[in-house]
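Trainee: Structure in structure tokens, see below.
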Amino acid sequence: MNLHEYQAKRLLLEYDMPVPEGYVVGKALEAVQACERIGGQQWVAKCQIHAGGRGKAGGVKLCHSRAEIKEFSDHWLGREMKTYQTGDEGKPVNHILIEACTESVQELYLGVVVDRSLQRMAVIASSEGGVEIETVASTNPAKIHTVAIDPLVGPQPYQARELAFKLGLVEKKLLKQFTKLFLGIVKMYKELDLAMLEINPLVITKEGKLCCLDAKVSVDANAIYRQPRLHDLRDRSQEDDREYQASKWELNYVALQGNIGCMVNGAGLAMGTMDIIKFHGGEPANFLDVGGGATRERVVEAFKIILSDSNVSAILVNIFGGIVRCDLIAAGIIGAVQDVGVSVPVVVRLEGNHAEEGAAALSSSGLDLITASSLSDAAIKVVEAAGRSA
């Protein structure tokens with residue numbers, strides 16, 4: 001679950017991390033009042049959406065007057081913002097963060113994630129802040145520095161100093177600030193069950209102080225039940241309605257741009273299914289993993305979610321019966337098709353535990369279901385069916 005920048009900065013403040021003074025507003029008049037509270041002659045206005053690339057889309061602006069702030073707020077509040085991360089749909093701008101202007105002399109990158117290969121937290125830092133860290137990793141990997149955190153002893157001050165030296169921070173004052181920041185963000189990451197904490201850019205101001213100029217926080221969805229306070233920060237307006245509905249039924253759904261709906265059990269099989277659909281000339285409309293314990297109710301909801309996408313002209317159901325029995329899944333598919341009233345061709349491929357019984361049940365159901373003998377056969381049939389149905 002992603003948080004807005006202003007929410008992330010409030011959490012950083014709780015952990016005594018340095019952030020610019022700022023206020024989040026929902027109306028243009030409030031934006032002007034925020035300038036008066038901050039004081040000074042320059043302010044930064046930032047549209048709050050769950051996506052990067054806001055600056056390039058005009059959603060971040062340095063303003064030199066209250067009139068400029070009001071004009072910016074009037075322009076964006078209530079509108080959709082499109083960036084390279086939002087796609088064509090865009091995200092609604094419901095809030096704007098008004099901050100004090102911070103003059104910097106250097107931009108750094110600092111983040112915390114879980115390094116799954118090491119099975120522990122890792123702090124990532126770079127002297128190339130202010131740009132996409134993925135670009136730095138691919139074009140100049142020597143500028144990326146990583147420190148693994150031992151889960152038994154936690155982050156150590158000497159690790160912070162080593163990392164600071166690699167970033168070129170040699171002044172005693174900066175070393176002390178960086179060490180505090182290093183220890184603080186790891187503590188915050190662990191205590192709040194975060195999946196990612198990124199400060200980019202972390203700047204050195206003209207006064208020689210570190211300041212978290214931008215922040216991105218993602219909460220681990222598997223641990224959100226332990227963080228009710230963070231759960232209340234969820235902004236439904238930034239989420240795809242189908243993805244939200246899927247999450248309520250513990251379905252993993254991601255909307256895509258194609259016209260072939262996919263219902264698969266297992267994330268790896270779902271990825272393979274999408275690949276083979278594209279190999280045969282089709283375009284998946286979604287990624288949907290119903291999980292290993294698929295039930296009739298979840299299959300019904302999965303059909304409803306897939307069919308809520310008007311672009312879908314055919315559906316491929318690809319089930320591998322491992323723990324679950326294919327004949328039980330087939331009964332669920334038949335019931336779901338009858339309940340939902342599916343109007344597009346449905347291709348079903350069952351493999352594994354009780355697959356033959358499942359295929360027989362589908363064939364004798366009297367419904368317009370197309371059975372397939374293999375994954376490749378299923379992909380060919382659904383691509384053809386989508387072409388006829390479109």
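Residue numbering restarts at 1 for every chain of the structure tokens, chains are lettered A, B, ... in their displayed order, and ligands are numbered from 1 as they appear.
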Return as JSON, numbers by chain the full set of residues in region 30-248 of chain A whose backbone-based DSSP assignment is strand (DSSP E).
Mentor: {"A": [43, 44, 45, 46, 47, 60, 61, 62, 63, 80, 81, 91, 92, 96, 97, 98, 99, 100, 104, 105, 106, 107, 108, 109, 110, 111, 112, 113, 114, 115, 120, 121, 122, 123, 124, 125, 126, 144, 145, 146, 147, 148, 194, 195, 196, 197, 198, 199, 200, 201, 202, 203, 204, 205, 210, 211, 212, 215, 216, 217, 218, 219]}
Trainee: Check which residues of region 167-243 of chain A sit at most 12 Å from region 46-53 of chain A using only C-alpha atoms, and return one row each with the closest pair of atoms and their distance in Å to one decimal, ordered by chain and rising number, as JSON lines.
Mentor:
```
{"residue": "A:Asn200", "atom": "CA", "partner": "A:Gly52", "partner_atom": "CA", "distance": 11.2}
{"residue": "A:Leu213", "atom": "CA", "partner": "A:Lys46", "partner_atom": "CA", "distance": 11.4}
{"residue": "A:Asp214", "atom": "CA", "partner": "A:Lys46", "partner_atom": "CA", "distance": 10.1}
{"residue": "A:Ala215", "atom": "CA", "partner": "A:Gly52", "partner_atom": "CA", "distance": 10.9}
{"residue": "A:Lys216", "atom": "CA", "partner": "A:His50", "partner_atom": "CA", "distance": 9.3}
{"residue": "A:Val217", "atom": "CA", "partner": "A:His50", "partner_atom": "CA", "distance": 10.2}
{"residue": "A:Ser218", "atom": "CA", "partner": "A:His50", "partner_atom": "CA", "distance": 10.3}
{"residue": "A:Arg234", "atom": "CA", "partner": "A:His50", "partner_atom": "CA", "distance": 10.9}
{"residue": "A:Asp235", "atom": "CA", "partner": "A:His50", "partner_atom": "CA", "distance": 9.1}
{"residue": "A:Arg236", "atom": "CA", "partner": "A:His50", "partner_atom": "CA", "distance": 10.6}
{"residue": "A:Ser237", "atom": "CA", "partner": "A:Ile49", "partner_atom": "CA", "distance": 9.4}
{"residue": "A:Gln238", "atom": "CA", "partner": "A:His50", "partner_atom": "CA", "distance": 6.3}
{"residue": "A:Glu239", "atom": "CA", "partner": "A:His50", "partner_atom": "CA", "distance": 8.6}
{"residue": "A:Asp240", "atom": "CA", "partner": "A:His50", "partner_atom": "CA", "distance": 11.5}
```
Trainee: Rank nothing, just name the residue among A:Glu283, A:Glu171, A:Asp339, A:Glu99 nearest to Ile315 (chain A), using only C-alpha atoms.
Mentor: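 Result for the nearest residue to Ile315 (chain A): A:Glu283.
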Trainee: Select, from A:Asp327, A:Ser127, A:Gly322, A:His280, the residue with the minimum atom-to-atom distance to Lys381 (chain A), counting only C-alpha atoms.
Mentor: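 Ranking A:Asp327, A:Ser127, A:Gly322, A:His280 by distance to Lys381 (chain A), first place goes to A:His280.
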Trainee: With 6 Å as the cut-off and only C-alpha atoms counted, what is the closest atom pair between each nearby residue of region 67-138 of chain A and region 142-161 of chain A? Distances in Å to one decimal, ordered by chain and number, as JSON lines.
Mentor:
```
{"residue": "A:Met121", "atom": "CA", "partner": "A:Ile149", "partner_atom": "CA", "distance": 5.4}
{"residue": "A:Ala122", "atom": "CA", "partner": "A:Ala148", "partner_atom": "CA", "distance": 4.3}
{"residue": "A:Val123", "atom": "CA", "partner": "A:Val147", "partner_atom": "CA", "distance": 5.2}
{"residue": "A:Ile124", "atom": "CA", "partner": "A:Thr146", "partner_atom": "CA", "distance": 4.5}
{"residue": "A:Ala125", "atom": "CA", "partner": "A:His145", "partner_atom": "CA", "distance": 5.3}
{"residue": "A:Ser126", "atom": "CA", "partner": "A:Ile144", "partner_atom": "CA", "distance": 5.0}
```
Trainee: Write out as a ChimeraX atom specification the residues lying within 12 Å of region 20-30 of chain A, counting only C-alpha atoms and excluding same-chain residues fewer than 5 positions away.
Mentor: /A:4-7,9-10,12-13,35-40,43-48,66-78,93-104,202-203,205,209-215
Trainee: So that I can see what lies close to Asp16 (chain A), please list as a PDB file with all heavy atoms, in the first residue's frame the residues with an atom at most 10 Å from it, counting only C-alpha atoms and leaving out residues fewer than 2 positions away in the same chain.
Mentor:
```pdb
ATOM      1  N   ARG A  10       5.160  13.075   7.250  1.00  0.00           N
ATOM      2  CA  ARG A  10       4.669  13.130   8.633  1.00  0.00           C
ATOM      3  C   ARG A  10       5.265  11.981   9.446  1.00  0.00           C
ATOM      4  O   ARG A  10       5.604  12.143  10.628  1.00  0.00           O
ATOM      5  CB  ARG A  10       3.138  13.052   8.630  1.00  0.00           C
ATOM      6  CG  ARG A  10       2.465  14.338   8.198  1.00  0.00           C
ATOM      7  CD  ARG A  10       0.958  14.173   8.136  1.00  0.00           C
ATOM      8  NE  ARG A  10       0.309  15.420   7.702  1.00  0.00           N
ATOM      9  CZ  ARG A  10      -0.987  15.512   7.436  1.00  0.00           C
ATOM     10  NH1 ARG A  10      -1.771  14.454   7.564  1.00  0.00           N
ATOM     11  NH2 ARG A  10      -1.513  16.669   7.045  1.00  0.00           N
ATOM     12  N   LEU A  11       5.387  10.813   8.823  1.00  0.00           N
ATOM     13  CA  LEU A  11       5.989   9.676   9.524  1.00  0.00           C
ATOM     14  C   LEU A  11       7.468   9.940   9.784  1.00  0.00           C
ATOM     15  O   LEU A  11       7.996   9.617  10.859  1.00  0.00           O
ATOM     16  CB  LEU A  11       5.820   8.404   8.683  1.00  0.00           C
ATOM     17  CG  LEU A  11       4.372   7.919   8.515  1.00  0.00           C
ATOM     18  CD1 LEU A  11       4.307   6.736   7.565  1.00  0.00           C
ATOM     19  CD2 LEU A  11       3.766   7.532   9.866  1.00  0.00           C
ATOM     20  N   LEU A  12       8.155  10.539   8.806  1.00  0.00           N
ATOM     21  CA  LEU A  12       9.568  10.876   9.010  1.00  0.00           C
ATOM     22  C   LEU A  12       9.723  11.848  10.179  1.00  0.00           C
ATOM     23  O   LEU A  12      10.653  11.726  10.993  1.00  0.00           O
ATOM     24  CB  LEU A  12      10.151  11.481   7.730  1.00  0.00           C
ATOM     25  CG  LEU A  12      10.424  10.510   6.581  1.00  0.00           C
ATOM     26  CD1 LEU A  12      10.739  11.269   5.299  1.00  0.00           C
ATOM     27  CD2 LEU A  12      11.591   9.574   6.933  1.00  0.00           C
ATOM     28  N   LEU A  13       8.801  12.802  10.268  1.00  0.00           N
ATOM     29  CA  LEU A  13       8.855  13.759  11.377  1.00  0.00           C
ATOM     30  C   LEU A  13       8.699  13.058  12.717  1.00  0.00           C
ATOM     31  O   LEU A  13       9.360  13.410  13.701  1.00  0.00           O
ATOM     32  CB  LEU A  13       7.752  14.807  11.214  1.00  0.00           C
ATOM     33  CG  LEU A  13       8.103  16.078  10.448  1.00  0.00           C
ATOM     34  CD1 LEU A  13       6.880  16.962  10.302  1.00  0.00           C
ATOM     35  CD2 LEU A  13       9.233  16.837  11.140  1.00  0.00           C
ATOM     36  N   GLU A  14       7.807  12.058  12.756  1.00  0.00           N
ATOM     37  CA  GLU A  14       7.606  11.309  14.002  1.00  0.00           C
ATOM     38  C   GLU A  14       8.890  10.614  14.454  1.00  0.00           C
ATOM     39  O   GLU A  14       9.090  10.365  15.638  1.00  0.00           O
ATOM     40  CB  GLU A  14       6.492  10.274  13.818  1.00  0.00           C
ATOM     41  CG  GLU A  14       5.108  10.880  13.654  1.00  0.00           C
ATOM     42  CD  GLU A  14       4.039   9.811  13.466  1.00  0.00           C
ATOM     43  OE1 GLU A  14       4.338   8.628  13.699  1.00  0.00           O
ATOM     44  OE2 GLU A  14       2.918  10.176  13.070  1.00  0.00           O
ATOM     45  N   PRO A  18      14.709  15.123   9.369  1.00  0.00           N
ATOM     46  CA  PRO A  18      14.573  16.511   8.894  1.00  0.00           C
ATOM     47  C   PRO A  18      13.777  16.605   7.589  1.00  0.00           C
ATOM     48  O   PRO A  18      14.165  16.020   6.566  1.00  0.00           O
ATOM     49  CB  PRO A  18      16.031  16.942   8.677  1.00  0.00           C
ATOM     50  CG  PRO A  18      16.753  15.666   8.361  1.00  0.00           C
ATOM     51  CD  PRO A  18      16.061  14.575   9.127  1.00  0.00           C
ATOM     52  N   VAL A  19      12.643  17.307   7.621  1.00  0.00           N
ATOM     53  CA  VAL A  19      11.848  17.564   6.418  1.00  0.00           C
ATOM     54  C   VAL A  19      11.502  19.047   6.372  1.00  0.00           C
ATOM     55  O   VAL A  19      11.457  19.708   7.422  1.00  0.00           O
ATOM     56  CB  VAL A  19      10.551  16.725   6.398  1.00  0.00           C
ATOM     57  CG1 VAL A  19      10.856  15.233   6.436  1.00  0.00           C
ATOM     58  CG2 VAL A  19       9.637  17.101   7.545  1.00  0.00           C
ATOM     59  N   LYS A 180      22.472   9.725  12.307  1.00  0.00           N
ATOM     60  CA  LYS A 180      21.140   9.789  12.920  1.00  0.00           C
ATOM     61  C   LYS A 180      20.054   9.402  11.913  1.00  0.00           C
ATOM     62  O   LYS A 180      19.121   8.649  12.229  1.00  0.00           O
ATOM     63  CB  LYS A 180      20.888  11.202  13.451  1.00  0.00           C
ATOM     64  CG  LYS A 180      19.530  11.366  14.098  1.00  0.00           C
ATOM     65  CD  LYS A 180      19.320  12.817  14.535  1.00  0.00           C
ATOM     66  CE  LYS A 180      17.907  12.982  15.094  1.00  0.00           C
ATOM     67  NZ  LYS A 180      17.632  14.393  15.435  1.00  0.00           N
ATOM     68  N   LEU A 181      20.208   9.899  10.687  1.00  0.00           N
ATOM     69  CA  LEU A 181      19.239   9.589   9.632  1.00  0.00           C
ATOM     70  C   LEU A 181      19.258   8.106   9.289  1.00  0.00           C
ATOM     71  O   LEU A 181      18.212   7.460   9.136  1.00  0.00           O
ATOM     72  CB  LEU A 181      19.569  10.428   8.394  1.00  0.00           C
ATOM     73  CG  LEU A 181      18.545  10.496   7.264  1.00  0.00           C
ATOM     74  CD1 LEU A 181      17.230  11.060   7.749  1.00  0.00           C
ATOM     75  CD2 LEU A 181      19.089  11.351   6.118  1.00  0.00           C
ATOM     76  N   GLY A 184      17.671   6.158  12.029  1.00  0.00           N
ATOM     77  CA  GLY A 184      16.253   6.490  12.128  1.00  0.00           C
ATOM     78  C   GLY A 184      15.405   5.828  11.052  1.00  0.00           C
ATOM     79  O   GLY A 184      14.316   5.315  11.340  1.00  0.00           O
ATOM     80  N   ILE A 185      15.885   5.822   9.820  1.00  0.00           N
ATOM     81  CA  ILE A 185      15.049   5.267   8.755  1.00  0.00           C
ATOM     82  C   ILE A 185      14.963   3.745   8.862  1.00  0.00           C
ATOM     83  O   ILE A 185      13.937   3.152   8.523  1.00  0.00           O
ATOM     84  CB  ILE A 185      15.540   5.686   7.353  1.00  0.00           C
ATOM     85  CG1 ILE A 185      16.954   5.190   7.085  1.00  0.00           C
ATOM     86  CG2 ILE A 185      15.447   7.183   7.164  1.00  0.00           C
ATOM     87  CD1 ILE A 185      17.383   5.364   5.634  1.00  0.00           C
TER      88      ILE A 185
END
```
Trainee: Restricting the calculation to only C-alpha atoms, which member of A:Asp289, A:Glu384, A:Glu132, A:Glu198 is positioned closest to Cys262 (chain A)?
Mentor: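 Looking only at the distances to Cys262 (chain A), the closest residue turns out to be A:Asp289.
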Trainee: Running DSSP on the backbone, which parts of region 291-390 of chain A land in helix (DSSP H, G or I), as JSON, numbers by chain?
Mentor: {"A": [296, 297, 298, 299, 300, 301, 302, 303, 304, 305, 306, 307, 326, 327, 328, 329, 330, 331, 332, 333, 334, 335, 336, 337, 338, 339, 340, 355, 356, 357, 358, 359, 360, 361, 362, 363, 375, 376, 377, 378, 379, 380, 381, 382, 383, 384, 385, 386, 387, 388, 389]}
Trainee: Using only C-alpha atoms, which residues sit within 10 Å of Ile370 (chain A) once same-chain residues fewer than 3 positions away are excluded, as a PDB file with N, CA, C and O atoms, in the first residue's frame?
Mentor:
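Below is the file that was written, out.pdb:
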```pdb
ATOM      1  N   LEU A 316      -9.527 -16.568 -20.761  1.00  0.00           N
ATOM      2  CA  LEU A 316      -8.793 -17.832 -20.654  1.00  0.00           C
ATOM      3  C   LEU A 316      -8.683 -18.200 -19.169  1.00  0.00           C
ATOM      4  O   LEU A 316      -8.125 -17.443 -18.376  1.00  0.00           O
ATOM      5  N   PRO A 345     -16.631 -15.518 -25.155  1.00  0.00           N
ATOM      6  CA  PRO A 345     -16.107 -16.886 -25.162  1.00  0.00           C
ATOM      7  C   PRO A 345     -15.170 -17.146 -23.978  1.00  0.00           C
ATOM      8  O   PRO A 345     -14.380 -16.282 -23.604  1.00  0.00           O
ATOM      9  N   VAL A 346     -15.296 -18.353 -23.392  1.00  0.00           N
ATOM     10  CA  VAL A 346     -14.444 -18.735 -22.273  1.00  0.00           C
ATOM     11  C   VAL A 346     -13.684 -20.014 -22.643  1.00  0.00           C
ATOM     12  O   VAL A 346     -14.306 -21.040 -22.937  1.00  0.00           O
ATOM     13  N   VAL A 347     -12.376 -19.936 -22.670  1.00  0.00           N
ATOM     14  CA  VAL A 347     -11.525 -21.092 -22.952  1.00  0.00           C
ATOM     15  C   VAL A 347     -10.972 -21.593 -21.612  1.00  0.00           C
ATOM     16  O   VAL A 347     -10.468 -20.796 -20.812  1.00  0.00           O
ATOM     17  N   VAL A 348     -11.087 -22.900 -21.373  1.00  0.00           N
ATOM     18  CA  VAL A 348     -10.656 -23.470 -20.096  1.00  0.00           C
ATOM     19  C   VAL A 348      -9.605 -24.538 -20.340  1.00  0.00           C
ATOM     20  O   VAL A 348      -9.808 -25.457 -21.144  1.00  0.00           O
ATOM     21  N   ARG A 349      -8.513 -24.426 -19.637  1.00  0.00           N
ATOM     22  CA  ARG A 349      -7.475 -25.455 -19.663  1.00  0.00           C
ATOM     23  C   ARG A 349      -7.255 -25.949 -18.232  1.00  0.00           C
ATOM     24  O   ARG A 349      -6.928 -25.162 -17.337  1.00  0.00           O
ATOM     25  N   ALA A 359     -12.678 -31.757 -17.073  1.00  0.00           N
ATOM     26  CA  ALA A 359     -12.973 -31.506 -18.489  1.00  0.00           C
ATOM     27  C   ALA A 359     -14.315 -32.118 -18.869  1.00  0.00           C
ATOM     28  O   ALA A 359     -15.097 -31.520 -19.634  1.00  0.00           O
ATOM     29  N   LEU A 362     -17.147 -29.922 -17.666  1.00  0.00           N
ATOM     30  CA  LEU A 362     -17.304 -28.736 -18.508  1.00  0.00           C
ATOM     31  C   LEU A 362     -18.024 -29.088 -19.813  1.00  0.00           C
ATOM     32  O   LEU A 362     -18.902 -28.364 -20.275  1.00  0.00           O
ATOM     33  N   SER A 363     -17.628 -30.233 -20.418  1.00  0.00           N
ATOM     34  CA  SER A 363     -18.219 -30.631 -21.693  1.00  0.00           C
ATOM     35  C   SER A 363     -19.695 -30.941 -21.563  1.00  0.00           C
ATOM     36  O   SER A 363     -20.493 -30.673 -22.480  1.00  0.00           O
ATOM     37  N   LEU A 367     -22.934 -25.467 -21.365  1.00  0.00           N
ATOM     38  CA  LEU A 367     -22.541 -24.065 -21.511  1.00  0.00           C
ATOM     39  C   LEU A 367     -21.545 -23.925 -22.665  1.00  0.00           C
ATOM     40  O   LEU A 367     -20.902 -24.893 -23.078  1.00  0.00           O
ATOM     41  N   ALA A 378      -4.680 -23.742 -25.578  1.00  0.00           N
ATOM     42  CA  ALA A 378      -5.571 -22.765 -24.951  1.00  0.00           C
ATOM     43  C   ALA A 378      -5.282 -21.358 -25.451  1.00  0.00           C
ATOM     44  O   ALA A 378      -6.215 -20.585 -25.743  1.00  0.00           O
ATOM     45  N   LYS A 381      -6.566 -20.944 -29.034  1.00  0.00           N
ATOM     46  CA  LYS A 381      -8.031 -20.874 -29.083  1.00  0.00           C
ATOM     47  C   LYS A 381      -8.565 -19.555 -28.539  1.00  0.00           C
ATOM     48  O   LYS A 381      -9.519 -18.996 -29.082  1.00  0.00           O
ATOM     49  N   VAL A 382      -7.970 -19.043 -27.461  1.00  0.00           N
ATOM     50  CA  VAL A 382      -8.507 -17.802 -26.896  1.00  0.00           C
ATOM     51  C   VAL A 382      -8.175 -16.601 -27.777  1.00  0.00           C
ATOM     52  O   VAL A 382      -8.972 -15.653 -27.874  1.00  0.00           O
ATOM     53  N   ALA A 385     -10.708 -16.809 -30.494  1.00  0.00           N
ATOM     54  CA  ALA A 385     -12.029 -16.440 -29.977  1.00  0.00           C
ATOM     55  C   ALA A 385     -12.132 -14.935 -29.758  1.00  0.00           C
ATOM     56  O   ALA A 385     -13.168 -14.328 -30.046  1.00  0.00           O
TER      57      ALA A 385
END
```
Trainee: Hey, which of A:Val113, A:Glu134, A:Val324, A:Glu89 ends up closest to Val219 (chain A)? Count only C-alpha atoms.
Mentor: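 That would be A:Val113, the residue with the smallest distance to Val219 (chain A).
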Trainee: Just give me the gap between CA of Glu351 (chain A) and CA of Ser374 (chain A) in Å, one decimal is fine.
Mentor: 8.0 Å
Trainee: For Cys63 (chain A), which of A:Leu183, A:Val317, A:Val254, A:Val32 is the closest residue, counting only C-alpha atoms?
Mentor: A:Val32
